[in-house]
Amino acid sequence: SDVLAGLVSSNDADFVQRLGKAQKLFGAPLPAFDSFLLARGMKSFDVRMERHNRNAMALAKWLEKECSVSSWSPVLAVHYPGLESHPDHELAKRSFQNGFGGMLSFEVAGGVEGGATFVESLKLISLAVSLGSTESLIEHPASMTHAMMPRMQRLEAGITDGLIRFSVGLEAEQDLREDLTQALAKAAQRVVGSELRCGK
């Protein structure tokens with residue numbers, strides 16, 4: 001990713017005036033080069049989001065199909081608002097105009113070990129806790145970002161032992177699918193056969 005930036009908007013004139021003073025005092029405006037990178041990136045933003053949306057939808061459908069029809073797949077559940085199976089799918093359809101975004105999550109069997117084995121077996125998809133980049137990034141919260149959180153508290157928050165968070169990038173869909181397939185196969189080797197069924 002080239003640059004990280006944001007903006008603040010308001011219809012409160014007094015707030016905008018105070019914000020302007022704070023910007024002058026703290027140097028909040030972007031440097032010139034960052035502004036150039038942001039302006040350049042905005043020119044291709046729409047087409048990049050189209051690819052994010054398309055890849056994420058295709059992979060979510062594929063993972064869901066693997067979950068429901070494959071006897072070997074360790075995928076237990078898929079969470080993506082673009083799927084009809086998602087509990088908030090209708091709300092997402094009303095809220096999102098041009099796709100459902102590039103973020104999805106899914107759960108693999110085998111608990112913490114199964115999730116960790118899966119993400120550590122990936123070759124193309126990068127193991128990282130960031131998101132929204134042009135390259136695909138993936139993480140296993142139970143062994144990474146939420147490893148210090150008490151297990152019961154984590155489970156109450158919906159973060160299962162095998163939950164995988166996947167920020168889908170712009171790579172070729174087939175390349176991503178092949179990488180997921182080989183990593184799922186390695187994760188499946190660590191899971192007893194009785195667990196390799198969808199949790200439906």
# chains A, B, ... in the order shown; residues from 1 in each chain; ligands from 1
>>> select_by_dssp(residues="region 14-192 of chain A", states="helix (DSSP H, G or I)", output="MDAnalysis selection string")
chainID A and resid 14:26 32:43 45:69 89:95 111:120 141:143 151:156 173:188
>>> residues_around(residues="region 134-144 of chain A", least_positions_apart="3", cutoff="8 Å", atoms="only C-alpha atoms", output="list in words")
Ser1, Arg48, Val112, Gly115, Ala116, Val119, Ile125, Ser126, Leu127, Ala128, Val129, Ser130, Leu131, Ala147, Ile159, Thr160, Asp161, Gly162, Leu163, Ile164, Arg165, Phe166, Ser167, Val168, Gly169, Leu170 and Glu171 of chain A
>>> closest_residue(among="A:Lys21, A:Arg177, A:Arg154, A:Lys43", to="Ala60 (chain A)", atoms="only C-alpha atoms")
A:Arg177
>>> atom_distance(atom1="CA of Gly114 (chain A)", atom2="CA of Ala187 (chain A)")
5.5 Å
>>> closest_residue(among="A:Phe118, A:Phe106, A:Phe100, A:Phe15", to="Glu64 (chain A)", atoms="only C-alpha atoms")
A:Phe106
>>> residues_around(residues="Gln174 (chain A)", least_positions_apart="2", cutoff="12 Å", atoms="only C-alpha atoms", output="PyMOL selection string")
chain A and resi 55+58-59+62+124+170-172+176-181
>>> residues_around(residues="Val191 (chain A)", least_positions_apart="2", cutoff="6 Å", atoms="only C-alpha atoms", output="ChimeraX atom specification")
/A:110,188-189
>>> closest_residue(among="A:Leu63, A:Leu19, A:Val3, A:Ala183", to="Asp34 (chain A)", atoms="only C-alpha atoms")
A:Val3
>>> closest_residue(among="A:His52, A:Val8, A:Ala109, A:Met103", to="Gln23 (chain A)", atoms="only C-alpha atoms")
A:Val8
>>> atom_distance(atom1="CA of Gly102 (chain A)", atom2="CA of Gly132 (chain A)")
7.3 Å
>>> atom_distance(atom1="CA of Gly111 (chain A)", atom2="CA of Pro74 (chain A)")
10.5 Å
>>> select_by_dssp(residues="chain A", states="strand (DSSP E)", output="list in words")
Val75, Leu76, Ala77, Val78, His79, Met103, Leu104, Ser105, Phe106, Glu107, Val108, Ser126, Leu127, Leu137, Ile138, Glu139, Leu163, Ile164, Arg165, Phe166 and Ser167 of chain A
>>> residues_around(residues="Leu38 (chain A)", least_positions_apart="4", cutoff="12 Å", atoms="only C-alpha atoms", output="list in words")
Ser1, Asp2, Val3, Leu4, Ala5, Gly6, Leu30, Pro31, Ala32, Phe33, Asp34, Met42, Lys43, Ser44 and Phe45 of chain A
>>> write_last_selection(atoms="all heavy atoms", output="mmCIF file, in the first residue's frame")
data_model
loop_
_atom_site.group_PDB
_atom_site.id
_atom_site.type_symbol
_atom_site.label_atom_id
_atom_site.label_comp_id
_atom_site.auth_asym_id
_atom_site.auth_seq_id
_atom_site.Cartn_x
_atom_site.Cartn_y
_atom_site.Cartn_z
ATOM 1 N N SER A 1 0.832 -1.190 0.000
ATOM 2 C CA SER A 1 0.000 0.000 0.000
ATOM 3 C C SER A 1 0.872 1.246 0.000
ATOM 4 O O SER A 1 1.866 1.302 0.719
ATOM 5 C CB SER A 1 -0.915 -0.013 1.218
ATOM 6 O OG SER A 1 -1.754 -1.155 1.196
ATOM 7 N N ASP A 2 0.487 2.216 -0.797
ATOM 8 C CA ASP A 2 1.306 3.420 -0.936
ATOM 9 C C ASP A 2 1.128 4.420 0.190
ATOM 10 O O ASP A 2 2.081 5.032 0.651
ATOM 11 C CB ASP A 2 0.973 4.136 -2.253
ATOM 12 C CG ASP A 2 1.473 3.380 -3.455
ATOM 13 O OD1 ASP A 2 2.437 2.616 -3.311
ATOM 14 O OD2 ASP A 2 0.895 3.546 -4.538
ATOM 15 N N VAL A 3 -0.119 4.619 0.627
ATOM 16 C CA VAL A 3 -0.382 5.740 1.524
ATOM 17 C C VAL A 3 -1.598 5.446 2.392
ATOM 18 O O VAL A 3 -2.487 4.682 2.011
ATOM 19 C CB VAL A 3 -0.625 7.037 0.687
ATOM 20 C CG1 VAL A 3 -1.875 6.913 -0.164
ATOM 21 C CG2 VAL A 3 -0.685 8.271 1.564
ATOM 22 N N LEU A 4 -1.610 6.038 3.573
ATOM 23 C CA LEU A 4 -2.750 5.949 4.476
ATOM 24 C C LEU A 4 -3.210 7.375 4.747
ATOM 25 O O LEU A 4 -2.406 8.224 5.148
ATOM 26 C CB LEU A 4 -2.359 5.256 5.784
ATOM 27 C CG LEU A 4 -3.451 5.116 6.842
ATOM 28 C CD1 LEU A 4 -4.551 4.185 6.334
ATOM 29 C CD2 LEU A 4 -2.878 4.580 8.143
ATOM 30 N N ALA A 5 -4.479 7.653 4.517
ATOM 31 C CA ALA A 5 -4.995 9.008 4.698
ATOM 32 C C ALA A 5 -6.449 8.949 5.124
ATOM 33 O O ALA A 5 -7.087 7.898 5.076
ATOM 34 C CB ALA A 5 -4.854 9.804 3.397
ATOM 35 N N GLY A 6 -6.970 10.050 5.556
ATOM 36 C CA GLY A 6 -8.369 10.125 5.953
ATOM 37 C C GLY A 6 -8.863 11.545 5.844
ATOM 38 O O GLY A 6 -8.132 12.458 5.453
ATOM 39 N N LEU A 30 -1.721 16.283 4.856
ATOM 40 C CA LEU A 30 -0.797 15.326 4.248
ATOM 41 C C LEU A 30 0.406 16.026 3.622
ATOM 42 O O LEU A 30 0.259 17.119 3.058
ATOM 43 C CB LEU A 30 -1.504 14.541 3.153
ATOM 44 C CG LEU A 30 -2.461 13.422 3.552
ATOM 45 C CD1 LEU A 30 -3.130 12.856 2.304
ATOM 46 C CD2 LEU A 30 -1.745 12.332 4.301
ATOM 47 N N PRO A 31 1.574 15.408 3.684
ATOM 48 C CA PRO A 31 2.730 15.940 2.938
ATOM 49 C C PRO A 31 2.427 15.918 1.438
ATOM 50 O O PRO A 31 1.557 15.172 0.975
ATOM 51 C CB PRO A 31 3.852 14.953 3.291
ATOM 52 C CG PRO A 31 3.422 14.306 4.564
ATOM 53 C CD PRO A 31 1.931 14.245 4.496
ATOM 54 N N ALA A 32 3.161 16.699 0.683
ATOM 55 C CA ALA A 32 2.904 16.835 -0.756
ATOM 56 C C ALA A 32 2.986 15.496 -1.491
ATOM 57 O O ALA A 32 2.140 15.174 -2.327
ATOM 58 C CB ALA A 32 3.885 17.833 -1.357
ATOM 59 N N PHE A 33 4.011 14.682 -1.173
ATOM 60 C CA PHE A 33 4.163 13.428 -1.899
ATOM 61 C C PHE A 33 3.033 12.452 -1.568
ATOM 62 O O PHE A 33 2.524 11.755 -2.450
ATOM 63 C CB PHE A 33 5.514 12.783 -1.596
ATOM 64 C CG PHE A 33 5.795 11.565 -2.449
ATOM 65 C CD1 PHE A 33 5.926 11.678 -3.827
ATOM 66 C CD2 PHE A 33 5.913 10.309 -1.871
ATOM 67 C CE1 PHE A 33 6.178 10.564 -4.621
ATOM 68 C CE2 PHE A 33 6.156 9.189 -2.656
ATOM 69 C CZ PHE A 33 6.295 9.316 -4.033
ATOM 70 N N ASP A 34 2.624 12.411 -0.290
ATOM 71 C CA ASP A 34 1.496 11.558 0.083
ATOM 72 C C ASP A 34 0.222 12.013 -0.623
ATOM 73 O O ASP A 34 -0.602 11.186 -1.039
ATOM 74 C CB ASP A 34 1.283 11.587 1.597
ATOM 75 C CG ASP A 34 2.349 10.822 2.353
ATOM 76 O OD1 ASP A 34 3.302 10.353 1.716
ATOM 77 O OD2 ASP A 34 2.234 10.683 3.586
ATOM 78 N N MET A 42 -6.571 7.355 -6.352
ATOM 79 C CA MET A 42 -8.012 7.530 -6.508
ATOM 80 C C MET A 42 -8.464 7.320 -7.952
ATOM 81 O O MET A 42 -9.605 6.952 -8.212
ATOM 82 C CB MET A 42 -8.439 8.918 -6.030
ATOM 83 C CG MET A 42 -8.342 9.101 -4.512
ATOM 84 S SD MET A 42 -9.306 7.889 -3.586
ATOM 85 C CE MET A 42 -10.960 8.373 -4.038
ATOM 86 N N LYS A 43 -7.535 7.520 -8.896
ATOM 87 C CA LYS A 43 -7.886 7.362 -10.310
ATOM 88 C C LYS A 43 -8.212 5.910 -10.655
ATOM 89 O O LYS A 43 -8.982 5.654 -11.570
ATOM 90 C CB LYS A 43 -6.743 7.872 -11.196
ATOM 91 C CG LYS A 43 -6.531 9.370 -11.091
ATOM 92 C CD LYS A 43 -5.339 9.815 -11.916
ATOM 93 C CE LYS A 43 -5.106 11.302 -11.778
ATOM 94 N NZ LYS A 43 -3.914 11.756 -12.548
ATOM 95 N N SER A 44 -7.613 4.969 -9.933
ATOM 96 C CA SER A 44 -7.866 3.552 -10.216
ATOM 97 C C SER A 44 -8.667 2.882 -9.099
ATOM 98 O O SER A 44 -8.842 1.662 -9.104
ATOM 99 C CB SER A 44 -6.539 2.806 -10.419
ATOM 100 O OG SER A 44 -5.752 2.863 -9.241
ATOM 101 N N PHE A 45 -9.162 3.667 -8.156
ATOM 102 C CA PHE A 45 -9.864 3.100 -6.995
ATOM 103 C C PHE A 45 -11.085 2.281 -7.401
ATOM 104 O O PHE A 45 -11.298 1.164 -6.915
ATOM 105 C CB PHE A 45 -10.274 4.229 -6.036
ATOM 106 C CG PHE A 45 -10.976 3.734 -4.803
ATOM 107 C CD1 PHE A 45 -10.275 3.073 -3.807
ATOM 108 C CD2 PHE A 45 -12.331 3.925 -4.635
ATOM 109 C CE1 PHE A 45 -10.911 2.614 -2.670
ATOM 110 C CE2 PHE A 45 -12.985 3.474 -3.504
ATOM 111 C CZ PHE A 45 -12.271 2.813 -2.513
#
